[in-house]
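*Asks:* Coordinates in data_3.cif, mmCIF, C-alpha atoms, are listed below.
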data_target
loop_
_atom_site.label_atom_id
_atom_site.label_comp_id
_atom_site.auth_asym_id
_atom_site.auth_seq_id
_atom_site.Cartn_x
_atom_site.Cartn_y
_atom_site.Cartn_z
CA MET A 113 38.86 13.20 59.68
CA GLN A 114 37.87 11.67 62.95
CA PHE A 115 35.92 13.51 65.58
CA PHE A 116 37.14 13.58 69.09
CA GLY A 117 34.95 12.70 72.00
CA GLY A 118 34.60 14.64 75.21
CA SER A 119 37.61 16.50 76.47
CA GLU A 120 37.90 14.56 79.71
CA ILE A 121 40.90 12.34 79.89
CA SER A 122 39.77 8.81 79.86
CA PRO A 123 40.75 7.19 83.15
CA SER A 124 42.33 4.29 81.37
CA ALA A 125 44.85 5.69 78.94
CA PRO A 126 45.34 3.44 75.91
CA THR A 127 48.41 1.94 77.44
CA LEU A 128 49.75 -0.87 75.39
CA THR A 129 51.62 -3.50 77.32
CA ALA A 130 54.37 -1.48 78.95
CA THR A 131 56.83 -4.31 79.15
CA GLY A 132 59.21 -3.26 76.36
CA ALA A 133 62.35 -1.22 76.87
CA GLY A 134 60.01 1.73 77.21
CA ASN A 135 62.03 4.12 75.13
CA ASN A 136 60.63 3.76 71.68
CA ALA A 137 59.85 7.43 71.15
CA HIS A 138 62.39 9.75 69.59
CA MET A 139 60.67 13.12 69.59
CA ILE A 140 57.41 14.99 69.50
CA TYR A 141 56.42 18.16 67.65
CA ILE A 142 53.30 20.24 68.09
CA PHE A 143 52.55 22.90 65.49
CA ASN A 144 49.65 25.30 65.35
CA ARG A 145 47.84 26.05 62.12
CA ASN A 146 50.27 28.86 61.22
CA GLY A 147 53.29 26.59 61.39
CA VAL A 148 54.55 27.89 64.73
CA CYS A 149 56.22 25.13 66.70
CA LEU A 150 54.38 25.10 70.02
CA LEU A 151 56.30 22.24 71.51
CA TYR A 152 59.35 20.22 70.63
CA ARG A 153 60.71 17.55 72.92
CA GLU A 154 63.26 14.90 72.20
CA TRP A 155 64.01 11.79 74.19
CA ASN A 156 66.40 9.92 72.00
CA ARG A 157 67.88 11.71 69.04
CA PRO A 158 71.54 10.98 68.31
CA LEU A 159 71.50 12.69 64.92
CA HIS A 160 70.94 16.42 64.42
CA THR A 161 71.40 17.50 60.83
CA LEU A 162 70.03 21.05 61.14
CA ASN A 163 69.61 23.73 63.74
CA PRO A 164 66.30 23.53 65.66
CA GLN A 165 64.54 26.32 63.82
CA GLN A 166 65.34 24.93 60.40
CA ASP A 167 64.44 21.46 61.57
CA HIS A 168 60.97 22.62 62.62
CA LYS A 169 60.44 24.47 59.37
CA LEU A 170 61.47 21.45 57.34
CA MET A 171 59.18 19.19 59.34
CA PHE A 172 56.21 21.50 58.89
CA GLY A 173 56.94 21.77 55.18
CA LEU A 174 57.17 18.01 54.84
CA LEU A 175 53.81 17.52 56.54
CA PHE A 176 52.15 20.23 54.47
CA SER A 177 53.40 18.73 51.23
CA LEU A 178 52.62 15.16 52.19
CA LYS A 179 49.10 16.24 53.08
CA SER A 180 48.55 17.85 49.71
CA LEU A 181 50.12 14.83 48.04
CA ALA A 182 47.72 12.52 49.89
CA ALA A 183 44.77 14.73 48.98
CA LYS A 184 45.77 14.68 45.33
CA MET A 185 46.45 10.94 45.22
CA ASP A 186 43.23 9.88 46.95
CA PRO A 187 42.01 7.08 44.66
CA THR A 188 38.47 7.03 46.02
CA SER A 189 37.30 10.53 45.21
CA VAL A 190 36.68 12.04 41.80
CA ASP A 191 37.07 15.73 42.49
CA LYS A 192 40.40 16.34 44.15
CA GLY A 193 41.16 19.91 43.19
CA ASN A 194 44.60 21.09 42.24
CA LEU A 195 47.85 19.95 43.75
CA GLY A 196 49.17 22.24 46.46
CA VAL A 197 46.00 24.20 47.16
CA PRO A 198 45.81 24.63 50.94
CA GLN A 199 43.01 22.65 52.53
CA LEU A 200 41.14 23.13 55.76
CA PRO A 201 41.74 20.58 58.51
CA GLY A 202 39.50 17.60 57.87
CA GLN A 203 39.00 18.46 54.24
CA GLY A 204 40.20 15.98 51.65
CA CYS A 205 42.24 12.85 52.23
CA SER A 206 45.02 13.13 54.78
CA PHE A 207 47.66 10.73 56.05
CA HIS A 208 48.19 9.41 59.55
CA SER A 209 51.66 7.91 59.47
CA PHE A 210 54.66 7.06 57.40
CA ARG A 211 57.51 4.67 58.00
CA THR A 212 61.14 4.64 56.93
CA ASN A 213 63.79 2.08 57.82
CA THR A 214 64.93 4.13 60.83
CA TYR A 215 61.80 5.77 62.21
CA LYS A 216 58.04 5.99 62.06
CA LEU A 217 56.22 9.31 62.07
CA SER A 218 52.62 9.48 63.28
CA PHE A 219 50.60 12.53 62.51
CA MET A 220 47.30 13.91 63.71
CA GLU A 221 45.60 17.18 62.92
CA THR A 222 42.83 18.50 65.12
CA PRO A 223 39.83 20.41 63.72
CA SER A 224 41.46 23.64 64.89
CA GLY A 225 44.56 22.91 62.82
CA ILE A 226 46.92 21.90 65.60
CA LYS A 227 49.28 19.22 64.39
CA PHE A 228 50.69 16.52 66.65
CA ILE A 229 53.70 14.63 65.38
CA LEU A 230 55.26 11.72 67.16
CA VAL A 231 58.46 10.14 65.88
CA THR A 232 59.07 6.63 67.14
CA ASN A 233 60.82 3.38 66.48
CA PRO A 234 59.77 1.93 63.08
CA ARG A 235 58.39 -1.22 64.73
CA THR A 236 55.75 0.55 66.82
CA GLY A 237 52.16 -0.11 65.87
CA ASP A 238 49.29 2.25 65.19
CA LEU A 239 49.72 5.33 67.39
CA ARG A 240 46.53 7.20 66.54
CA GLU A 241 45.10 6.50 70.00
CA THR A 242 48.30 7.73 71.63
CA LEU A 243 48.11 10.98 69.69
CA LYS A 244 44.47 11.42 70.64
CA TYR A 245 45.45 10.93 74.25
CA ILE A 246 48.19 13.54 73.93
CA TYR A 247 45.62 15.86 72.39
CA ASN A 248 43.45 15.30 75.46
CA LEU A 249 46.42 16.17 77.65
CA TYR A 250 46.91 19.30 75.57
CA VAL A 251 43.30 20.33 76.08
CA GLU A 252 43.49 19.68 79.81
CA TYR A 253 46.84 21.19 80.63
CA VAL A 254 47.43 23.79 77.93
CA ALA A 255 44.18 24.99 76.39
CA LYS A 256 42.51 25.20 79.79
CA ASN A 257 45.48 26.94 81.38
CA PRO A 258 44.49 30.57 82.00
CA LEU A 259 48.10 31.72 81.80
CA TYR A 260 48.64 30.27 78.35
CA THR A 261 48.39 32.58 75.34
CA PRO A 262 47.34 30.66 72.22
CA GLY A 263 49.96 30.62 69.51
CA THR A 264 52.95 30.82 71.84
CA PRO A 265 55.33 28.00 72.72
CA ILE A 266 54.00 25.75 75.45
CA ARG A 267 55.75 26.21 78.78
CA CYS A 268 53.81 23.94 81.07
CA GLU A 269 55.67 21.59 83.34
CA LEU A 270 52.62 19.48 84.07
CA PHE A 271 51.94 18.88 80.38
CA ASN A 272 55.56 17.97 79.73
CA THR A 273 55.69 15.42 82.52
CA ALA A 274 52.35 13.93 81.50
CA VAL A 275 53.54 13.58 77.89
CA ASP A 276 56.86 12.08 78.99
CA GLN A 277 55.08 9.63 81.19
CA HIS A 278 52.63 8.55 78.54
CA VAL A 279 55.23 8.27 75.80
CA ARG A 280 57.25 5.90 77.96
CA THR A 281 54.42 3.37 77.71
CA ILE A 282 54.66 3.07 73.92
CA SER A 283 55.85 -0.41 73.09
CA SER A 284 57.09 -1.79 69.83
CA MET B 20 37.46 -3.21 43.44
CA ALA B 21 41.08 -2.84 42.76
CA ALA B 22 43.67 -3.81 45.31
CA ILE B 23 46.27 -1.76 43.51
CA TYR B 24 45.24 1.66 42.36
CA SER B 25 48.30 2.82 40.48
CA LEU B 26 51.99 2.27 39.88
CA TYR B 27 54.68 4.90 39.39
CA ILE B 28 58.34 4.59 38.49
CA ILE B 29 60.54 7.65 38.86
CA ASN B 30 64.15 8.03 37.81
CA LYS B 31 66.97 9.18 40.07
CA SER B 32 66.27 12.87 39.40
CA GLY B 33 62.57 12.68 40.17
CA GLY B 34 61.22 12.48 36.64
CA LEU B 35 58.29 10.19 36.03
CA ILE B 36 59.29 7.45 33.62
CA PHE B 37 56.32 5.14 34.04
CA TYR B 38 52.77 5.58 35.28
CA LYS B 39 49.92 3.16 35.12
CA ASP B 40 46.48 3.47 36.61
CA TYR B 41 44.48 0.37 37.60
CA GLY B 42 41.11 1.90 38.24
CA SER B 43 41.26 4.75 40.71
CA LYS B 44 38.49 7.29 40.59
CA GLY B 45 39.23 10.63 39.01
CA ARG B 46 42.25 9.57 37.00
CA MET B 47 45.15 11.99 37.15
CA ASP B 48 46.19 13.78 34.00
CA THR B 49 49.76 13.72 32.72
CA ASN B 50 50.78 17.01 34.29
CA ASP B 51 49.44 16.04 37.68
CA SER B 52 51.14 12.66 37.64
CA LEU B 53 54.45 14.34 36.81
CA ARG B 54 53.98 16.82 39.63
CA VAL B 55 53.01 14.15 42.13
CA ALA B 56 56.03 12.06 41.15
CA SER B 57 58.53 14.85 41.63
CA LEU B 58 56.82 15.89 44.85
CA TRP B 59 57.23 12.37 46.15
CA HIS B 60 60.89 12.42 45.14
CA SER B 61 61.55 15.50 47.27
CA MET B 62 59.48 14.31 50.21
CA HIS B 63 61.46 11.10 50.13
CA ALA B 64 64.70 13.10 50.31
CA ILE B 65 63.47 15.38 53.09
CA SER B 66 62.36 12.46 55.20
CA GLN B 67 65.96 11.26 55.21
CA GLN B 68 67.15 14.59 56.59
CA LEU B 69 64.68 14.50 59.45
CA SER B 70 65.69 11.08 60.68
CA PRO B 71 66.68 10.90 64.35
CA ILE B 72 69.14 8.10 63.60
CA THR B 73 71.79 7.77 60.90
CA GLY B 74 71.31 5.49 57.93
CA CYS B 75 67.82 6.50 56.87
CA SER B 76 66.89 5.59 53.31
CA GLY B 77 63.58 7.42 52.95
CA ILE B 78 59.89 6.65 53.25
CA GLU B 79 58.91 3.04 52.67
CA LEU B 80 55.24 3.19 53.55
CA LEU B 81 52.84 6.09 53.75
CA GLU B 82 49.49 5.34 55.34
CA ALA B 83 46.71 7.71 54.37
CA ASP B 84 43.00 7.63 55.18
CA THR B 85 41.97 5.97 51.92
CA PHE B 86 45.13 4.39 50.58
CA ASP B 87 48.59 3.05 51.38
CA LEU B 88 51.63 4.06 49.39
CA ASN B 89 54.48 1.56 49.29
CA CYS B 90 57.80 2.73 47.95
CA PHE B 91 60.92 0.84 46.98
CA GLN B 92 64.14 2.54 46.01
CA SER B 93 66.74 0.64 44.04
CA LEU B 94 70.45 1.09 44.65
CA THR B 95 70.73 3.36 41.64
CA GLY B 96 68.04 5.70 42.92
CA THR B 97 65.13 4.62 40.76
CA LYS B 98 61.97 4.64 42.88
CA PHE B 99 59.02 2.33 42.41
CA PHE B 100 55.82 3.03 44.26
CA VAL B 101 52.34 1.61 44.28
CA VAL B 102 49.17 3.11 45.64
CA CYS B 103 46.97 0.38 47.08
CA GLU B 104 44.08 -0.20 49.43
CA PRO B 105 44.78 0.49 53.10
CA GLY B 106 46.30 -2.49 54.86
CA THR B 107 47.31 -4.43 51.75
CA GLN B 108 50.11 -6.82 52.66
CA ASN B 109 53.12 -8.12 50.75
CA MET B 110 53.55 -5.04 48.62
CA GLU B 111 57.33 -5.12 49.16
CA VAL B 112 57.40 -8.47 47.38
CA LEU B 113 55.42 -7.11 44.47
CA LEU B 114 57.66 -4.06 44.22
CA LYS B 115 60.78 -6.24 44.20
CA PHE B 116 59.20 -8.31 41.47
CA ILE B 117 58.40 -5.21 39.43
CA TYR B 118 62.00 -4.15 39.90
CA GLU B 119 63.10 -7.50 38.52
CA LEU B 120 60.86 -7.02 35.51
CA TYR B 121 62.32 -3.56 35.07
CA THR B 122 65.89 -4.87 35.05
CA ASP B 123 65.01 -7.70 32.70
CA TYR B 124 62.75 -6.06 30.19
CA VAL B 125 63.69 -2.38 30.35
CA LEU B 126 67.36 -2.14 31.26
CA LYS B 127 68.32 -5.07 29.03
CA ASN B 128 66.41 -3.58 26.14
CA PRO B 129 69.05 -2.20 23.75
CA PHE B 130 66.70 0.50 22.50
CA TYR B 131 65.96 1.86 25.94
CA GLU B 132 67.72 5.08 26.87
CA MET B 133 68.47 5.46 30.58
CA GLU B 134 66.28 7.83 32.61
CA MET B 135 63.80 8.18 29.76
CA PRO B 136 60.10 7.20 29.81
CA ILE B 137 59.60 3.46 29.55
CA ARG B 138 58.04 2.26 26.33
CA CYS B 139 58.69 -1.46 26.25
CA GLU B 140 55.94 -3.79 25.12
CA LEU B 141 57.28 -6.84 26.93
CA PHE B 142 57.53 -4.94 30.18
CA ASP B 143 53.90 -3.87 29.86
CA ILE B 144 52.76 -7.41 29.20
CA LYS B 145 54.73 -8.94 32.06
CA LEU B 146 53.61 -6.20 34.40
CA THR B 147 49.95 -6.71 33.59
CA GLN B 148 50.42 -10.43 34.27
CA ALA B 149 52.14 -9.75 37.59
CA ILE B 150 49.44 -7.37 38.78
CA GLN B 151 46.75 -9.81 37.68
CA LYS B 152 48.44 -12.64 39.53
CA ASP B 153 48.76 -10.51 42.63
CA ARG B 154 45.09 -9.67 42.49
CA VAL B 155 44.11 -13.32 42.16
CA ALA B 156 46.36 -14.19 45.10
CA LEU B 157 44.70 -11.44 47.08
CA LEU B 158 41.23 -12.71 46.31
CA GLY B 159 42.26 -16.21 47.36
CA ARG B 160 43.39 -14.98 50.76
#
Would you mind writing the file's structure down as structure tokens?

*Replies:*
Amino acid sequence: MQFFGGSEISPSAPTLTATGAGNNAHMIYIFNRNGVCLLYREWNRPLHTLNPQQDHKLMFGLLFSLKSLAAKMDPTSVDKGNLGVPQLPGQGCSFHSFRTNTYKLSFMETPSGIKFILVTNPRTGDLRETLKYIYNLYVEYVAKNPLYTPGTPIRCELFNTAVDQHVRTISS
Amino acid sequence: MAAIYSLYIINKSGGLIFYKDYGSKGRMDTNDSLRVASLWHSMHAISQQLSPITGCSGIELLEADTFDLNCFQSLTGTKFFVVCEPGTQNMEVLLKFIYELYTDYVLKNPFYEMEMPIRCELFDIKLTQAIQKDRVALLGR
């Protein structure tokens, strides 16, 4: 588990060369530690197999199970506990991304258990910095917003535009 | 230090038919390896449902903090996956090769029953050779 530096947004966002088509991101999910979907945005999603609520539940379930799978499989530690036992954020081995032939999912969990999930084109590189930047945006625009009640869906125009803007810079 | 930590083969219904450990710490017991295998099978299926685009065929690479998991699914639904060090390259090639060994020494074995655990001596031998060769190639790089 990595630790995050100060909460100020670094003046130079980790913008990779923004020359590509600029639309490599499919969608973003933000879950809190109870599995409530705080934010869901999609930019390019032609295929919907489920209704939104079920989709969010399935995504959270997938992440939870993959996390316990990663913790159990960790080949570098001796004591791994039992499979499926819930773990605190930062405890045990976690995963940061997986790739299929049609998409890549990047995942980050903060020490408070908030999960950031970014689904992009499979050819995009390591997006851990991008997720950290989005976490910074979250801290600035959501956590510090006096009108925001923790645990409720995020309704913050400024955050949405900032995320949209940053996501557009992801190149493949 | 092992480049490859373990190899799993699971049949089309998620049952573990082959598991070999190449020196990971805290070796998994039989029950755990069976559980992990069937968990992977379902995660693989769920990942296809969550795809934003049609034509998804499941997770190919899972990158965790301390390992990478490379998965290859054959046309018949048998899944091969290796757990290796983070950033190990060319695992697709190795998986394809293991698949070849599987077709040659397991499927062509008249005593092998489909979907059942693999107990074929020749397969074991060839597999050990392949992994060894891969490790040597890795050291040379």

*Asks:* Each residue of chain B with at least one atom at most 6 Å from chain A should appear once, together with its nearest atom pair and the corresponding distance in Å (one decimal); atoms considered: all atoms listed in the file; ordering: chain, then increasing residue number; output as JSON lines.

*Replies:*
{"residue": "B:Ser43", "atom": "CA", "partner": "A:Pro187", "partner_atom": "CA", "distance": 4.6}
{"residue": "B:Lys44", "atom": "CA", "partner": "A:Val190", "partner_atom": "CA", "distance": 5.2}
{"residue": "B:Gly45", "atom": "CA", "partner": "A:Val190", "partner_atom": "CA", "distance": 4.0}
{"residue": "B:Pro71", "atom": "CA", "partner": "A:Arg157", "partner_atom": "CA", "distance": 4.9}
{"residue": "B:Ile72", "atom": "CA", "partner": "A:Leu159", "partner_atom": "CA", "distance": 5.3}
{"residue": "B:Cys75", "atom": "CA", "partner": "A:Thr214", "partner_atom": "CA", "distance": 5.4}
{"residue": "B:Gly77", "atom": "CA", "partner": "A:Thr212", "partner_atom": "CA", "distance": 5.4}
{"residue": "B:Ile78", "atom": "CA", "partner": "A:Thr212", "partner_atom": "CA", "distance": 4.4}
{"residue": "B:Glu79", "atom": "CA", "partner": "A:Thr212", "partner_atom": "CA", "distance": 5.1}
{"residue": "B:Leu80", "atom": "CA", "partner": "A:Arg211", "partner_atom": "CA", "distance": 5.2}
{"residue": "B:Leu81", "atom": "CA", "partner": "A:Phe210", "partner_atom": "CA", "distance": 4.2}
{"residue": "B:Glu82", "atom": "CA", "partner": "A:Ser209", "partner_atom": "CA", "distance": 5.3}
{"residue": "B:Ala83", "atom": "CA", "partner": "A:Phe207", "partner_atom": "CA", "distance": 3.6}
{"residue": "B:Asp84", "atom": "CA", "partner": "A:Phe207", "partner_atom": "CA", "distance": 5.7}

*Asks:* What residues come out when you apply the PyMOL selection byres ((chain B and resi 136-152) around 12) to this file, written as a PyMOL selection string?

*Replies:* chain B and resi 21-30+33-41+53+101+103+110+112-135+153-159

*Asks:* Could you please determine the separation between atom CA of His278 of chain A and atom CA of Ile229 of chain A in Å, to one decimal place?

*Replies:*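 A separation of 14.5 Å between them.
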
*Asks:* Expressed in Å to a single decimal, how great is the separation between atom CA of Leu270 of chain A and atom CA of Tyr253 of chain A?

*Replies:*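 According to the coordinates, atom CA of Leu270 of chain A and atom CA of Tyr253 of chain A are separated by 6.9 Å.
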
*Asks:* On this file, the PyMOL selection byres ((chain A and resi 224) around 10) gives some set of residues; write that set as a PDB file with C-alpha atoms, keeping the file's coordinate frame.

*Replies:*
ATOM      1  CA  ASN A 144      49.650  25.300  65.350  1.00  0.00           C
ATOM      2  CA  ARG A 145      47.840  26.050  62.120  1.00  0.00           C
ATOM      3  CA  LEU A 200      41.140  23.130  55.760  1.00  0.00           C
ATOM      4  CA  PRO A 201      41.740  20.580  58.510  1.00  0.00           C
ATOM      5  CA  GLY A 202      39.500  17.600  57.870  1.00  0.00           C
ATOM      6  CA  GLU A 221      45.600  17.180  62.920  1.00  0.00           C
ATOM      7  CA  THR A 222      42.830  18.500  65.120  1.00  0.00           C
ATOM      8  CA  PRO A 223      39.830  20.410  63.720  1.00  0.00           C
ATOM      9  CA  GLY A 225      44.560  22.910  62.820  1.00  0.00           C
ATOM     10  CA  ILE A 226      46.920  21.900  65.600  1.00  0.00           C
ATOM     11  CA  LYS A 227      49.280  19.220  64.390  1.00  0.00           C
TER      12      LYS A 227
END

*Asks:* Taking the file as I've supplied it (selection: the PyMOL selection byres ((chain A and resi 249) around 10)), which residues are included? Please answer as a PDB file with C-alpha atoms, in the coordinates of the input.

*Replies:*
ATOM      1  CA  SER A 119      37.610  16.500  76.470  1.00  0.00           C
ATOM      2  CA  GLU A 120      37.900  14.560  79.710  1.00  0.00           C
ATOM      3  CA  ILE A 121      40.900  12.340  79.890  1.00  0.00           C
ATOM      4  CA  LEU A 243      48.110  10.980  69.690  1.00  0.00           C
ATOM      5  CA  LYS A 244      44.470  11.420  70.640  1.00  0.00           C
ATOM      6  CA  TYR A 245      45.450  10.930  74.250  1.00  0.00           C
ATOM      7  CA  ILE A 246      48.190  13.540  73.930  1.00  0.00           C
ATOM      8  CA  TYR A 247      45.620  15.860  72.390  1.00  0.00           C
ATOM      9  CA  ASN A 248      43.450  15.300  75.460  1.00  0.00           C
ATOM     10  CA  TYR A 250      46.910  19.300  75.570  1.00  0.00           C
ATOM     11  CA  VAL A 251      43.300  20.330  76.080  1.00  0.00           C
ATOM     12  CA  GLU A 252      43.490  19.680  79.810  1.00  0.00           C
ATOM     13  CA  TYR A 253      46.840  21.190  80.630  1.00  0.00           C
ATOM     14  CA  VAL A 254      47.430  23.790  77.930  1.00  0.00           C
ATOM     15  CA  ALA A 255      44.180  24.990  76.390  1.00  0.00           C
ATOM     16  CA  LEU A 270      52.620  19.480  84.070  1.00  0.00           C
ATOM     17  CA  PHE A 271      51.940  18.880  80.380  1.00  0.00           C
ATOM     18  CA  ASN A 272      55.560  17.970  79.730  1.00  0.00           C
ATOM     19  CA  ALA A 274      52.350  13.930  81.500  1.00  0.00           C
ATOM     20  CA  VAL A 275      53.540  13.580  77.890  1.00  0.00           C
ATOM     21  CA  HIS A 278      52.630   8.550  78.540  1.00  0.00           C
TER      22      HIS A 278
END

*Asks:* Counting only C-alpha atoms, which of A:Val279, A:Pro258, A:Gln203, A:Ser284 gets nearest to Asp238 of chain A?

*Replies:* A:Ser284

*Asks:* Rounded to one decimal place, report the atom CA of Asn109 of chain B-atom CA of His63 of chain B distance in Å.

*Replies:* 21.0 Å

*Asks:* Asn163 of chain A: which residues within 12 Å, counting all atoms listed in the file, same-chain residues fewer than 6 positions away excluded, as a VMD selection string?

*Replies:* (chain A and resid 169 to 170) or (chain B and resid 68 to 69)

*Asks:* Near Tyr152 of chain A, counting all atoms listed in the file, which residues have an atom at most 8 Å away, once you skip same-chain residues fewer than 2 positions from it, shown as a VMD selection string?

*Replies:* chain A and resid 139 to 142 149 to 150 154

*Asks:* Could you write out the selected residues, including C-alpha atoms, as a PDB file, keeping the file's coordinate frame?

*Replies:*
ATOM      1  CA  MET A 139      60.670  13.120  69.590  1.00  0.00           C
ATOM      2  CA  ILE A 140      57.410  14.990  69.500  1.00  0.00           C
ATOM      3  CA  TYR A 141      56.420  18.160  67.650  1.00  0.00           C
ATOM      4  CA  ILE A 142      53.300  20.240  68.090  1.00  0.00           C
ATOM      5  CA  CYS A 149      56.220  25.130  66.700  1.00  0.00           C
ATOM      6  CA  LEU A 150      54.380  25.100  70.020  1.00  0.00           C
ATOM      7  CA  GLU A 154      63.260  14.900  72.200  1.00  0.00           C
TER       8      GLU A 154
END

*Asks:* Let me make sure I understand: among B:Glu104, B:Met47, B:Trp59, B:Ser76, which one has the smallest atom-to-atom distance to Gln92 of chain B if we use all atoms listed in the file?

*Replies:* B:Ser76
